[in-house]
Amino acid sequence: MAIEQNNPNKDNAPDRNSSGTDSNTKQRRRRNKPRRDGKGNNGGSGSLVKSSKPKARRTAVETAQAPIAADRDPNQAFIDTAADEAAIKEGGIKAIGDQRIIPFMKIEKPMAILSILLIIGSILAIAINGLNLGLDFTGGVSADVTYAQPVEQVEVVQTLADNGFDDAVVQYLGTREELLVRLPPQSDDVSGLSTRMQDALTLSGNAATISNVNIIGSQVGNEVYLNSVMAVALALACMLGYVALRFQFKLAIGAVAALFHDAIVTIGVFALFGFPFDLTVLAAVLALIGYSLNDTIVVYDRIRENFRRVRGISPRQTVDLSLTETLRRTIMTISTVLLVVLAMLFLGGDGLFWFSVALFIGLLAGTYSSVYISSSLPLAMGLSRDDFVVKVKPEFEEEIVSFNDPKMFEQDNV
């Protein structure tokens, strides 16, 4: 009876026991966590456990996204899974730094056919139409003219045409009063030619003075033409040797093929439409070779780095990864260069017009070739990770050498 009085809440004992069981379970769970001090006190442990769970969950998301992401947000997990499946179907991968890989090499065969057609068409245009060679290659008359007042190039060309000097080329020499006038081949009488030009170049209210007249023969023009072809061939050969020594021979073949593609397409467009081809256009072609090689070297450097760094993916995916990583740099570079070229094209005058046209055509061809020629051709030649991994030569491998001490045998005999 006394026991009953001392326990007035006897009927509620099972509830307390059940709640006690829950509290014991929670207490055991707390003891599994590291204690904050050495006296067995879990002061503030409840709040610590609550704050540590989200932190553990965030760490798990970084290492294994699928299970915990599904518990936290099933819709997000479904979206990620669908994105991964779509990337795999497109030939790309997503597992490297959560970066979407653009499958450039998926359309390498159509691009290769397009490149072959462009090269064949350019060669046919050069062979059938020929190049509209300027005075630098065909010869002609060159004269330095000085006016008393500034003059426009169009005005000088028009007055020369009215006096029988057609197809004249006029360029400024530093100022708008000093000009370089170039004419097609004329008579060999320099004195009479100078007088005729003096009369033709004189404008109303603006006297002209001819300081120097030079007659360039066709033989000199042919020598310049041959030297120009040799310069382009030498540049391509030097690029082949540099890339072969700096990277790998398969990449060197791809780089030279891309440079040849850029040069021949640019020259083919000039032959197809009959644009004048002179030393300024040749300078643009040589500058284009240097620019295109620079863009190709950047891609090759990233390809070599990814072949050594990334494991478990195919060579085609490695090239796609490298092109994707360098795409932003390529877009920024081509955009800034095109701004300068367009400025020269519309504001540079007649002296820089065809130079700018050649650069504009070559920049478009060079950006395309850096992706689908210089990168796809080495893949077709069997480019793999073994081409970039340093292998140990047989003479440097360790050998097991056994040494027999003669004294050991003497002790055995004794």
# chains A, B, ... in the order shown; residues from 1 in each chain; ligands from 1

$ closest_atom_pairs --of "stretch 96-122 of chain A" --to "stretch 346-366 of chain A" --cutoff "12 Å" --atoms "only C-alpha atoms" --output "JSON lines"
{"residue": "A:Leu114", "atom": "CA", "partner": "A:Ala365", "partner_atom": "CA", "distance": 11.7}
{"residue": "A:Ser115", "atom": "CA", "partner": "A:Ala365", "partner_atom": "CA", "distance": 9.7}
{"residue": "A:Leu118", "atom": "CA", "partner": "A:Ala365", "partner_atom": "CA", "distance": 10.2}
{"residue": "A:Ile119", "atom": "CA", "partner": "A:Ala365", "partner_atom": "CA", "distance": 11.3}

$ residues_around --residues "A:Asp136" --least-positions-apart "4" --cutoff "12 Å" --atoms "only C-alpha atoms" --output "number ranges by chain"
A: 132, 140-142, 169, 182-185, 215-228, 276-282

$ residues_around --residues "A:Tyr172" --least-positions-apart "4" --cutoff "12 Å" --atoms "only C-alpha atoms" --output "list in words"
Asp144, Val145, Thr146, Tyr147, Pro150, Val151, Glu152, Gln153, Val154, Val156, Arg176, Glu177, Glu178, Leu179, Leu180, Val181, Arg182, Gly348, Gly349, Asp350, Gly351 and Leu352 of chain A

$ atom_distance --atom1 "atom CA of A:Ile331" --atom2 "atom CA of A:Arg246"
24.9 Å

$ select_by_dssp --residues "stretch 178-361 of chain A" --states "strand (DSSP E or B)" --output "NGL selection string"
:A and (178-183 or 203 or 206 or 208-216 or 276-277)

$ write_last_selection --atoms "N, CA and C atoms" --output "CSV table (one decimal), in the first residue's frame"
chain,number,residue,atom,x,y,z
A,178,GLU,N,52.0,62.8,-100.0
A,178,GLU,CA,53.0,62.0,-100.6
A,178,GLU,C,52.3,60.6,-101.0
A,179,LEU,N,52.4,60.3,-102.3
A,179,LEU,CA,51.8,59.0,-102.8
A,179,LEU,C,52.7,58.2,-103.6
A,180,LEU,N,52.4,56.9,-103.6
A,180,LEU,CA,53.1,56.0,-104.5
A,180,LEU,C,52.1,55.5,-105.5
A,181,VAL,N,52.5,55.8,-106.8
A,181,VAL,CA,51.6,55.5,-107.9
A,181,VAL,C,52.3,54.3,-108.7
A,182,ARG,N,51.5,53.2,-108.9
A,182,ARG,CA,52.0,52.1,-109.7
A,182,ARG,C,51.0,51.8,-110.8
A,183,LEU,N,51.7,51.6,-112.0
A,183,LEU,CA,50.9,51.4,-113.3
A,183,LEU,C,51.4,50.1,-113.9
A,203,LEU,N,46.5,68.3,-110.9
A,203,LEU,CA,45.1,68.6,-110.6
A,203,LEU,C,44.9,70.1,-110.6
A,206,ASN,N,46.3,72.2,-107.6
A,206,ASN,CA,47.1,71.4,-106.8
A,206,ASN,C,48.2,70.8,-107.7
A,208,ALA,N,51.5,68.7,-108.9
A,208,ALA,CA,52.2,67.5,-108.6
A,208,ALA,C,53.6,67.5,-109.0
A,209,THR,N,54.5,66.9,-108.2
A,209,THR,CA,55.9,66.7,-108.5
A,209,THR,C,56.3,65.3,-108.4
A,210,ILE,N,56.8,64.7,-109.5
A,210,ILE,CA,57.3,63.3,-109.6
A,210,ILE,C,58.8,63.3,-109.3
A,211,SER,N,59.1,62.6,-108.2
A,211,SER,CA,60.5,62.6,-107.7
A,211,SER,C,61.2,61.4,-108.2
A,212,ASN,N,60.6,60.3,-108.5
A,212,ASN,CA,61.3,59.1,-108.9
A,212,ASN,C,60.4,58.2,-109.7
A,213,VAL,N,60.9,57.7,-110.9
A,213,VAL,CA,60.1,56.8,-111.7
A,213,VAL,C,61.0,55.6,-111.9
A,214,ASN,N,60.4,54.4,-111.6
A,214,ASN,CA,61.1,53.1,-111.8
A,214,ASN,C,60.3,52.2,-112.7
A,215,ILE,N,61.0,51.5,-113.6
A,215,ILE,CA,60.3,50.6,-114.5
A,215,ILE,C,60.7,49.2,-114.0
A,216,ILE,N,59.7,48.4,-113.6
A,216,ILE,CA,60.0,47.0,-113.1
A,216,ILE,C,59.7,46.0,-114.2
A,276,PRO,N,42.7,41.0,-106.8
A,276,PRO,CA,44.1,41.3,-107.1
A,276,PRO,C,45.0,40.6,-106.0
A,277,PHE,N,46.1,40.0,-106.5
A,277,PHE,CA,47.0,39.3,-105.6
A,277,PHE,C,48.3,39.9,-105.7

$ atom_distance --atom1 "atom CA of A:Arg309" --atom2 "atom CA of A:Ser376"
20.4 Å

$ residues_around --residues "A:Leu131" --least-positions-apart "6" --cutoff "9 Å" --atoms "only C-alpha atoms" --output "compact mmCIF listing (two decimals) with all heavy atoms, in the first residue's frame"
# COMPACT_ATOMS: atom_id res chain seq x y z
N ALA A 125 40.34 26.29 -108.98
CA ALA A 125 40.18 27.72 -109.28
C ALA A 125 41.52 28.36 -109.62
O ALA A 125 41.60 29.18 -110.55
CB ALA A 125 39.55 28.43 -108.08
N ILE A 267 43.97 31.62 -100.95
CA ILE A 267 44.42 31.91 -102.32
C ILE A 267 43.37 31.48 -103.34
O ILE A 267 43.16 32.14 -104.36
CB ILE A 267 45.76 31.21 -102.57
CG1 ILE A 267 46.83 31.76 -101.62
CG2 ILE A 267 46.21 31.40 -104.02
CD1 ILE A 267 48.16 31.02 -101.71
N GLY A 268 42.68 30.36 -103.06
CA GLY A 268 41.63 29.90 -103.98
C GLY A 268 40.47 30.86 -104.09
O GLY A 268 39.91 31.05 -105.18
N PHE A 270 40.71 34.11 -103.77
CA PHE A 270 41.20 35.21 -104.61
C PHE A 270 41.20 34.82 -106.08
O PHE A 270 40.92 35.65 -106.96
CB PHE A 270 42.59 35.63 -104.15
CG PHE A 270 42.59 36.66 -103.06
CD1 PHE A 270 42.24 36.34 -101.77
CD2 PHE A 270 42.93 37.97 -103.35
CE1 PHE A 270 42.23 37.29 -100.77
CE2 PHE A 270 42.92 38.94 -102.36
CZ PHE A 270 42.56 38.60 -101.06
N ALA A 271 41.55 33.57 -106.37
CA ALA A 271 41.54 33.13 -107.76
C ALA A 271 40.12 32.98 -108.30
O ALA A 271 39.86 33.27 -109.47
CB ALA A 271 42.29 31.80 -107.89
N LEU A 272 39.19 32.52 -107.47
CA LEU A 272 37.83 32.30 -107.92
C LEU A 272 37.13 33.60 -108.28
O LEU A 272 36.42 33.69 -109.31
CB LEU A 272 37.05 31.55 -106.83
CG LEU A 272 35.58 31.23 -107.12
CD1 LEU A 272 35.47 30.29 -108.31
CD2 LEU A 272 34.91 30.63 -105.88
N GLY A 274 38.71 36.58 -108.76
CA GLY A 274 39.55 37.50 -109.50
C GLY A 274 40.07 38.67 -108.70
O GLY A 274 40.35 39.75 -109.28
N PHE A 275 40.20 38.54 -107.40
CA PHE A 275 40.72 39.62 -106.58
C PHE A 275 42.21 39.82 -106.90
O PHE A 275 42.92 38.86 -107.18
CB PHE A 275 40.55 39.31 -105.09
CG PHE A 275 39.12 39.21 -104.65
CD1 PHE A 275 38.77 38.47 -103.53
CD2 PHE A 275 38.11 39.86 -105.35
CE1 PHE A 275 37.46 38.37 -103.12
CE2 PHE A 275 36.79 39.77 -104.95
CZ PHE A 275 36.46 39.02 -103.83
N PRO A 276 42.72 41.04 -106.82
CA PRO A 276 44.15 41.27 -107.09
C PRO A 276 45.03 40.64 -106.02
O PRO A 276 44.77 40.78 -104.82
CB PRO A 276 44.27 42.81 -107.10
CG PRO A 276 43.08 43.30 -106.34
CD PRO A 276 41.99 42.31 -106.58
N PHE A 277 46.06 39.97 -106.48
CA PHE A 277 46.98 39.28 -105.57
C PHE A 277 48.34 39.93 -105.71
O PHE A 277 49.01 39.82 -106.74
CB PHE A 277 47.06 37.79 -105.94
CG PHE A 277 47.80 36.95 -104.94
CD1 PHE A 277 47.12 36.37 -103.89
CD2 PHE A 277 49.17 36.76 -105.04
CE1 PHE A 277 47.79 35.60 -102.96
CE2 PHE A 277 49.85 36.00 -104.12
CZ PHE A 277 49.16 35.41 -103.07

$ atom_distance --atom1 "atom CA of A:Leu286" --atom2 "atom CA of A:Val256"
13.5 Å

$ closest_residue --among "A:Leu251, A:Ile334, A:Ile101, A:Ala200" --to "A:Gly382" --atoms "only C-alpha atoms"
A:Leu251

$ residues_around --residues "A:Pro315" --least-positions-apart "6" --cutoff "10 Å" --atoms "only C-alpha atoms" --output "PyMOL selection string"
chain A and resi 303+306-307+321+379+382-385

$ write_last_selection --atoms "C-alpha atoms" --output "PDB file, in the first residue's frame"
ATOM      1  CA  ILE A 303      45.489  17.689 -75.663  1.00  0.00           C
ATOM      2  CA  ASN A 306      44.705  15.842 -70.814  1.00  0.00           C
ATOM      3  CA  PHE A 307      46.216  12.654 -72.236  1.00  0.00           C
ATOM      4  CA  LEU A 321      37.515  17.644 -73.682  1.00  0.00           C
ATOM      5  CA  LEU A 379      43.098  10.781 -84.290  1.00  0.00           C
ATOM      6  CA  GLY A 382      46.026   6.495 -84.145  1.00  0.00           C
ATOM      7  CA  LEU A 383      46.822   9.188 -81.584  1.00  0.00           C
ATOM      8  CA  SER A 384      46.670   7.742 -78.063  1.00  0.00           C
ATOM      9  CA  ARG A 385      47.983   8.223 -74.538  1.00  0.00           C
TER      10      ARG A 385
END

$ closest_residue --among "A:Leu342, A:Leu236, A:Leu323, A:Leu173" --to "A:Tyr372" --atoms "only C-alpha atoms"
A:Leu323

$ residues_around --residues "A:Gly205" --least-positions-apart "3" --cutoff "10 Å" --atoms "only C-alpha atoms" --output "list in words"
Ala148, Gln149, Thr202 and Ala208 of chain A

$ select_by_dssp --residues "stretch 117-176 of chain A" --states "alpha helix (DSSP H)" --output "list in words"
Leu117, Leu118, Ile119, Ile120, Gly121, Ser122, Ile123, Leu124, Ala125, Ile126, Ala127, Ile128, Leu135, Asp136, Phe137, Thr138, Gln153, Val154, Glu155, Val156, Val157, Gln158, Thr159, Leu160, Ala161 and Asp162 of chain A

$ closest_residue --among "A:Thr195, A:Thr324, A:Ser375, A:Thr318" --to "A:Lys250" --atoms "only C-alpha atoms"
A:Ser375

$ closest_residue --among "A:Ser194, A:Ser292, A:Thr326, A:Thr175" --to "A:Phe260" --atoms "only C-alpha atoms"
A:Ser292

$ closest_residue --among "A:Gly192, A:Pro378, A:Gly312, A:Pro110" --to "A:Ala252" --atoms "only C-alpha atoms"
A:Pro378

$ closest_residue --among "A:Phe273, A:Phe247, A:Tyr291, A:Tyr368" --to "A:Phe388" --atoms "only C-alpha atoms"
A:Phe247
